[in-house]
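Dropping run.cif in here (mmCIF, N, CA and C atoms):
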data_target
#
loop_
_atom_site.label_atom_id
_atom_site.label_comp_id
_atom_site.auth_asym_id
_atom_site.auth_seq_id
_atom_site.Cartn_x
_atom_site.Cartn_y
_atom_site.Cartn_z
N MET A 1 -53.60 37.38 15.75
CA MET A 1 -54.76 37.85 15.03
C MET A 1 -55.93 36.91 15.30
N ALA A 2 -57.09 37.45 15.45
CA ALA A 2 -58.30 36.68 15.70
C ALA A 2 -58.70 35.89 14.45
N SER A 3 -59.69 35.06 14.60
CA SER A 3 -60.20 34.27 13.49
C SER A 3 -60.67 35.18 12.35
N ILE A 4 -60.33 34.78 11.13
CA ILE A 4 -60.67 35.58 9.96
C ILE A 4 -61.70 34.83 9.13
N ASN A 5 -62.80 35.50 8.84
CA ASN A 5 -63.84 34.92 7.99
C ASN A 5 -63.98 35.79 6.77
N ILE A 6 -63.81 35.20 5.60
CA ILE A 6 -63.97 35.94 4.35
C ILE A 6 -65.02 35.27 3.49
N ASP A 7 -65.50 36.00 2.55
CA ASP A 7 -66.49 35.50 1.60
C ASP A 7 -65.87 34.36 0.78
N PRO A 8 -66.57 33.25 0.61
CA PRO A 8 -66.04 32.13 -0.19
C PRO A 8 -65.66 32.54 -1.62
N GLU A 9 -66.41 33.49 -2.17
CA GLU A 9 -66.11 33.99 -3.52
C GLU A 9 -64.74 34.69 -3.55
N THR A 10 -64.41 35.42 -2.49
CA THR A 10 -63.11 36.08 -2.39
C THR A 10 -62.00 35.04 -2.35
N ASN A 11 -62.24 33.97 -1.62
CA ASN A 11 -61.25 32.90 -1.53
C ASN A 11 -61.01 32.30 -2.91
N LEU A 12 -62.05 32.08 -3.68
CA LEU A 12 -61.91 31.53 -5.02
C LEU A 12 -61.17 32.48 -5.96
N LYS A 13 -61.40 33.77 -5.81
CA LYS A 13 -60.74 34.77 -6.66
C LYS A 13 -59.24 34.83 -6.41
N THR A 14 -58.81 34.43 -5.22
CA THR A 14 -57.41 34.54 -4.84
C THR A 14 -56.68 33.25 -5.22
N ASP A 15 -56.70 32.94 -6.50
CA ASP A 15 -56.15 31.67 -6.98
C ASP A 15 -54.67 31.73 -7.35
N GLN A 16 -54.05 32.90 -7.24
CA GLN A 16 -52.63 33.03 -7.59
C GLN A 16 -51.73 33.14 -6.36
N CYS A 17 -52.28 32.95 -5.16
CA CYS A 17 -51.50 33.12 -3.93
C CYS A 17 -50.40 32.05 -3.86
N ILE A 18 -49.16 32.51 -3.72
CA ILE A 18 -48.02 31.59 -3.64
C ILE A 18 -47.65 31.29 -2.18
N PHE A 19 -48.41 31.84 -1.24
CA PHE A 19 -48.11 31.66 0.18
C PHE A 19 -49.12 30.73 0.86
N GLY A 20 -49.93 30.04 0.09
CA GLY A 20 -50.89 29.09 0.66
C GLY A 20 -51.98 29.75 1.48
N LYS A 21 -52.27 31.02 1.17
CA LYS A 21 -53.31 31.78 1.88
C LYS A 21 -53.11 31.71 3.39
N CYS A 22 -51.84 31.80 3.81
CA CYS A 22 -51.49 31.68 5.23
C CYS A 22 -52.13 32.75 6.08
N CYS A 23 -52.51 33.88 5.51
CA CYS A 23 -53.16 34.95 6.28
C CYS A 23 -54.49 34.49 6.85
N LEU A 24 -55.13 33.53 6.20
CA LEU A 24 -56.40 33.01 6.70
C LEU A 24 -56.20 32.11 7.91
N LYS A 25 -54.98 31.68 8.12
CA LYS A 25 -54.65 30.82 9.27
C LYS A 25 -54.06 31.64 10.42
N GLY A 26 -54.12 32.97 10.30
CA GLY A 26 -53.63 33.84 11.35
C GLY A 26 -52.15 34.15 11.27
N LYS A 27 -51.49 33.68 10.21
CA LYS A 27 -50.07 33.95 10.05
C LYS A 27 -49.91 35.25 9.26
N THR A 28 -49.13 36.16 9.80
CA THR A 28 -49.02 37.48 9.18
C THR A 28 -47.65 37.73 8.56
N ASP A 29 -46.82 36.71 8.45
CA ASP A 29 -45.47 36.87 7.92
C ASP A 29 -45.43 37.52 6.53
N HIS A 30 -46.39 37.19 5.69
CA HIS A 30 -46.39 37.68 4.32
C HIS A 30 -47.43 38.77 4.08
N MET A 31 -48.06 39.26 5.14
CA MET A 31 -49.07 40.31 4.98
C MET A 31 -48.39 41.67 4.97
N CYS A 32 -48.54 42.38 3.86
CA CYS A 32 -47.96 43.71 3.73
C CYS A 32 -48.70 44.69 4.63
N ARG A 33 -47.97 45.69 5.15
CA ARG A 33 -48.60 46.74 5.95
C ARG A 33 -49.29 47.72 5.02
N ILE A 34 -50.51 48.07 5.37
CA ILE A 34 -51.35 48.90 4.52
C ILE A 34 -51.29 50.36 4.96
N GLU A 35 -51.16 51.24 3.98
CA GLU A 35 -51.24 52.68 4.24
C GLU A 35 -52.69 53.14 4.17
N ARG A 36 -53.36 52.76 3.06
CA ARG A 36 -54.77 53.14 2.89
C ARG A 36 -55.37 52.35 1.74
N ALA A 37 -56.69 52.29 1.74
CA ALA A 37 -57.41 51.59 0.68
C ALA A 37 -57.65 52.53 -0.49
N VAL A 38 -57.73 51.95 -1.68
CA VAL A 38 -58.05 52.69 -2.90
C VAL A 38 -59.37 52.13 -3.39
N MET A 39 -60.42 52.87 -3.13
CA MET A 39 -61.77 52.42 -3.45
C MET A 39 -61.97 51.03 -2.86
N GLU A 40 -62.48 50.09 -3.63
CA GLU A 40 -62.74 48.75 -3.12
C GLU A 40 -61.80 47.70 -3.70
N ASN A 41 -60.90 48.10 -4.60
CA ASN A 41 -60.16 47.07 -5.33
C ASN A 41 -58.64 47.17 -5.23
N GLY A 42 -58.13 47.93 -4.31
CA GLY A 42 -56.68 48.02 -4.18
C GLY A 42 -56.27 48.66 -2.88
N LEU A 43 -55.02 48.45 -2.51
CA LEU A 43 -54.47 48.98 -1.27
C LEU A 43 -53.11 49.60 -1.56
N PHE A 44 -52.86 50.77 -0.99
CA PHE A 44 -51.52 51.34 -1.00
C PHE A 44 -50.78 50.76 0.20
N LEU A 45 -49.54 50.38 -0.01
CA LEU A 45 -48.76 49.71 1.02
C LEU A 45 -47.73 50.63 1.66
N VAL A 46 -47.46 50.40 2.94
CA VAL A 46 -46.36 51.04 3.64
C VAL A 46 -45.08 50.29 3.29
N GLU A 47 -45.19 48.96 3.24
CA GLU A 47 -44.06 48.11 2.88
C GLU A 47 -44.57 46.80 2.28
N GLN A 48 -43.75 46.19 1.47
CA GLN A 48 -44.08 44.88 0.89
C GLN A 48 -43.33 43.83 1.69
N LYS A 49 -44.03 42.78 2.10
CA LYS A 49 -43.40 41.68 2.84
C LYS A 49 -43.21 40.44 1.99
N GLY A 50 -44.17 40.12 1.16
CA GLY A 50 -44.11 38.89 0.39
C GLY A 50 -43.40 39.07 -0.94
N GLU A 51 -42.19 38.56 -1.03
CA GLU A 51 -41.45 38.68 -2.30
C GLU A 51 -42.13 37.83 -3.38
N ASN A 52 -42.09 38.33 -4.60
CA ASN A 52 -42.64 37.65 -5.78
C ASN A 52 -44.15 37.45 -5.72
N CYS A 53 -44.84 38.22 -4.92
CA CYS A 53 -46.29 38.10 -4.81
C CYS A 53 -46.93 38.54 -6.14
N PRO A 54 -47.79 37.70 -6.72
CA PRO A 54 -48.43 38.06 -7.99
C PRO A 54 -49.45 39.19 -7.86
N TYR A 55 -49.83 39.55 -6.65
CA TYR A 55 -50.80 40.61 -6.44
C TYR A 55 -50.14 41.95 -6.13
N PHE A 56 -48.82 41.99 -6.11
CA PHE A 56 -48.07 43.20 -5.82
C PHE A 56 -47.83 43.98 -7.10
N LEU A 57 -47.89 45.32 -6.99
CA LEU A 57 -47.68 46.18 -8.14
C LEU A 57 -46.98 47.46 -7.70
N GLU A 58 -45.97 47.85 -8.44
CA GLU A 58 -45.35 49.15 -8.22
C GLU A 58 -46.06 50.13 -9.14
N PHE A 59 -46.51 51.23 -8.55
CA PHE A 59 -47.26 52.24 -9.30
C PHE A 59 -46.56 53.57 -9.08
N GLY A 60 -45.67 53.93 -10.00
CA GLY A 60 -44.84 55.11 -9.80
C GLY A 60 -43.93 54.88 -8.62
N PHE A 61 -44.03 55.74 -7.61
CA PHE A 61 -43.25 55.57 -6.38
C PHE A 61 -44.06 54.87 -5.30
N SER A 62 -45.24 54.42 -5.63
CA SER A 62 -46.12 53.78 -4.65
C SER A 62 -46.11 52.27 -4.82
N LEU A 63 -46.40 51.58 -3.73
CA LEU A 63 -46.54 50.13 -3.73
C LEU A 63 -48.01 49.82 -3.55
N MET A 64 -48.52 48.86 -4.34
CA MET A 64 -49.94 48.53 -4.28
C MET A 64 -50.16 47.03 -4.15
N CYS A 65 -51.29 46.68 -3.56
CA CYS A 65 -51.71 45.30 -3.41
C CYS A 65 -53.09 45.15 -4.03
N HIS A 66 -53.24 44.07 -4.81
CA HIS A 66 -54.54 43.78 -5.43
C HIS A 66 -55.04 42.39 -5.02
N CYS A 67 -54.53 41.87 -3.91
CA CYS A 67 -54.94 40.54 -3.43
C CYS A 67 -56.37 40.63 -2.89
N PRO A 68 -57.29 39.86 -3.45
CA PRO A 68 -58.68 39.93 -2.98
C PRO A 68 -58.83 39.61 -1.49
N ILE A 69 -58.10 38.62 -0.99
CA ILE A 69 -58.20 38.29 0.43
C ILE A 69 -57.65 39.41 1.29
N ARG A 70 -56.48 39.96 0.92
CA ARG A 70 -55.87 41.03 1.72
C ARG A 70 -56.78 42.27 1.75
N ILE A 71 -57.40 42.57 0.61
CA ILE A 71 -58.31 43.71 0.54
C ILE A 71 -59.51 43.50 1.47
N GLU A 72 -60.07 42.29 1.45
CA GLU A 72 -61.23 42.02 2.31
C GLU A 72 -60.83 42.05 3.79
N ILE A 73 -59.67 41.51 4.13
CA ILE A 73 -59.20 41.56 5.52
C ILE A 73 -59.08 43.00 5.97
N PHE A 74 -58.47 43.84 5.13
CA PHE A 74 -58.30 45.25 5.51
C PHE A 74 -59.66 45.96 5.65
N ASN A 75 -60.54 45.75 4.69
CA ASN A 75 -61.84 46.43 4.71
C ASN A 75 -62.74 45.96 5.85
N LYS A 76 -62.66 44.68 6.20
CA LYS A 76 -63.51 44.12 7.27
C LYS A 76 -62.94 44.33 8.66
N TYR A 77 -61.64 44.10 8.79
CA TYR A 77 -61.01 44.06 10.10
C TYR A 77 -60.06 45.23 10.37
N HIS A 78 -59.86 46.08 9.37
CA HIS A 78 -58.97 47.24 9.48
C HIS A 78 -57.57 46.82 9.93
N TYR A 79 -57.14 45.67 9.42
CA TYR A 79 -55.81 45.17 9.74
C TYR A 79 -55.02 44.95 8.47
#

Reformat the file's structure so that it appears as C-alpha cells.
Amino acid sequence: MASINIDPETNLKTDQCIFGKCCLKGKTDHMCRIERAVMENGLFLVEQKGENCPYFLEFGFSLMCHCPIRIEIFNKYHY
C-alpha cells in the first residue's frame, strides 16, 4: 500500500485502536475488507480481521466498522 496521509483530527479521534494504528504504516493485517460505506460515519464489512477491535459492531447479520482512520482510508483511497 502506498503512503497514507490522514487528517490529524482523525488520528486524534482514533484513540481506542488496539493495533497501534498499524494501517498508517502500510500494514494491512488488521484492516477489514470493506463492502461499502454508510454515509460518512461507518462501513459495512465483507469480513472482520482484527479480533476484539473496539470499532467493530455487529448490526443484525451485518458487520460494521466505525474506526475513524479506516473510514478516512476507504473514503480517500478506496481501499

The PyMOL selection byres ((chain A and resi 45-47) around 6) - which residues does that actually catch in the file I just gave you? List them as a PDB file with N, CA and C atoms, in the coordinates of the input.
ATOM      1  N   CYS A  32     -48.540  42.380   3.860  1.00  0.00           N
ATOM      2  CA  CYS A  32     -47.960  43.710   3.730  1.00  0.00           C
ATOM      3  C   CYS A  32     -48.700  44.690   4.630  1.00  0.00           C
ATOM      4  N   ARG A  33     -47.970  45.690   5.150  1.00  0.00           N
ATOM      5  CA  ARG A  33     -48.600  46.740   5.950  1.00  0.00           C
ATOM      6  C   ARG A  33     -49.290  47.720   5.020  1.00  0.00           C
ATOM      7  N   ILE A  34     -50.510  48.070   5.370  1.00  0.00           N
ATOM      8  CA  ILE A  34     -51.350  48.900   4.520  1.00  0.00           C
ATOM      9  C   ILE A  34     -51.290  50.360   4.960  1.00  0.00           C
ATOM     10  N   GLU A  35     -51.160  51.240   3.980  1.00  0.00           N
ATOM     11  CA  GLU A  35     -51.240  52.680   4.240  1.00  0.00           C
ATOM     12  C   GLU A  35     -52.690  53.140   4.170  1.00  0.00           C
ATOM     13  N   ARG A  36     -53.360  52.760   3.060  1.00  0.00           N
ATOM     14  CA  ARG A  36     -54.770  53.140   2.890  1.00  0.00           C
ATOM     15  C   ARG A  36     -55.370  52.350   1.740  1.00  0.00           C
ATOM     16  N   LEU A  43     -55.020  48.450  -2.510  1.00  0.00           N
ATOM     17  CA  LEU A  43     -54.470  48.980  -1.270  1.00  0.00           C
ATOM     18  C   LEU A  43     -53.110  49.600  -1.560  1.00  0.00           C
ATOM     19  N   PHE A  44     -52.860  50.770  -0.990  1.00  0.00           N
ATOM     20  CA  PHE A  44     -51.520  51.340  -1.000  1.00  0.00           C
ATOM     21  C   PHE A  44     -50.780  50.760   0.200  1.00  0.00           C
ATOM     22  N   GLN A  48     -43.750  46.190   1.470  1.00  0.00           N
ATOM     23  CA  GLN A  48     -44.080  44.880   0.890  1.00  0.00           C
ATOM     24  C   GLN A  48     -43.330  43.830   1.690  1.00  0.00           C
ATOM     25  N   LYS A  49     -44.030  42.780   2.100  1.00  0.00           N
ATOM     26  CA  LYS A  49     -43.400  41.680   2.840  1.00  0.00           C
ATOM     27  C   LYS A  49     -43.210  40.440   1.990  1.00  0.00           C
ATOM     28  N   LEU A  63     -46.400  51.580  -3.730  1.00  0.00           N
ATOM     29  CA  LEU A  63     -46.540  50.130  -3.730  1.00  0.00           C
ATOM     30  C   LEU A  63     -48.010  49.820  -3.550  1.00  0.00           C
ATOM     31  N   MET A  64     -48.520  48.860  -4.340  1.00  0.00           N
ATOM     32  CA  MET A  64     -49.940  48.530  -4.280  1.00  0.00           C
ATOM     33  C   MET A  64     -50.160  47.030  -4.150  1.00  0.00           C
ATOM     34  N   CYS A  65     -51.290  46.680  -3.560  1.00  0.00           N
ATOM     35  CA  CYS A  65     -51.710  45.300  -3.410  1.00  0.00           C
ATOM     36  C   CYS A  65     -53.090  45.150  -4.030  1.00  0.00           C
TER      37      CYS A  65
END

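For Ile6 of chain A, the list of residues within 8 Å, based on all atoms listed in the file and with local chain neighbours fewer than 3 positions off taken out, reads Ser3, Glu9, Thr10, Asn11, Leu24, Ile69, Glu72 and Ile73 of chain A.
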
Mind checking DSSP for chain A and telling me the alpha helix (DSSP H) residues as a PyMOL selection string? chain A and resi 8-13+68-77

Can you measure atom CA of His66 of chain A to atom N of Asp29 of chain A for me? One decimal in Å is fine.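 Interatomic distance, atom CA of His66 of chain A to atom N of Asp29 of chain A: 17.4 Å.
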
If DSSP is run on the backbone, what residues of segment 5-75 of chain A are strand (DSSP E)? A reply as number ranges by chain would be ideal. A: 33-38, 42-47, 56-59, 62-65

Smallest atom-to-atom distance to Glu51 of chain A: which of A:His30, A:Ala37, A:Arg70, A:Tyr77, using only N, CA and C atoms?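 Once distances to Glu51 of chain A are computed over only N, CA and C atoms, the minimum belongs to A:His30.
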
Mind pulling up the distance from atom C of Met31 of chain A to atom C of Ile71 of chain A?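 Those two atoms sit 11.8 Å apart.
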
Do you have the atom CA of Asp15 of chain A-atom CA of Asn52 of chain A distance handy? 14.8 Å

My list of candidates is A:Pro54, A:Tyr79, A:Ile4, A:Ser62. Which is closest to Gly26 of chain A when distances are computed with only N, CA and C atoms? A:Ile4

Looking at only C-alpha atoms, which of A:His78, A:Cys17, A:Cys23, A:Phe56 is the one that sits closest to Gly42 of chain A? A:Phe56

Within 8 Å of Gln16 of chain A, counting all atoms listed in the file, which residues qualify if same-chain residues fewer than 5 places away don't, as number ranges by chain? A: 21, 53-55

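Shortest atom-to-atom contact with Thr14 of chain A among A:Thr28, A:Pro68, A:Glu58, A:Asn75: A:Pro68, counting all atoms listed in the file.
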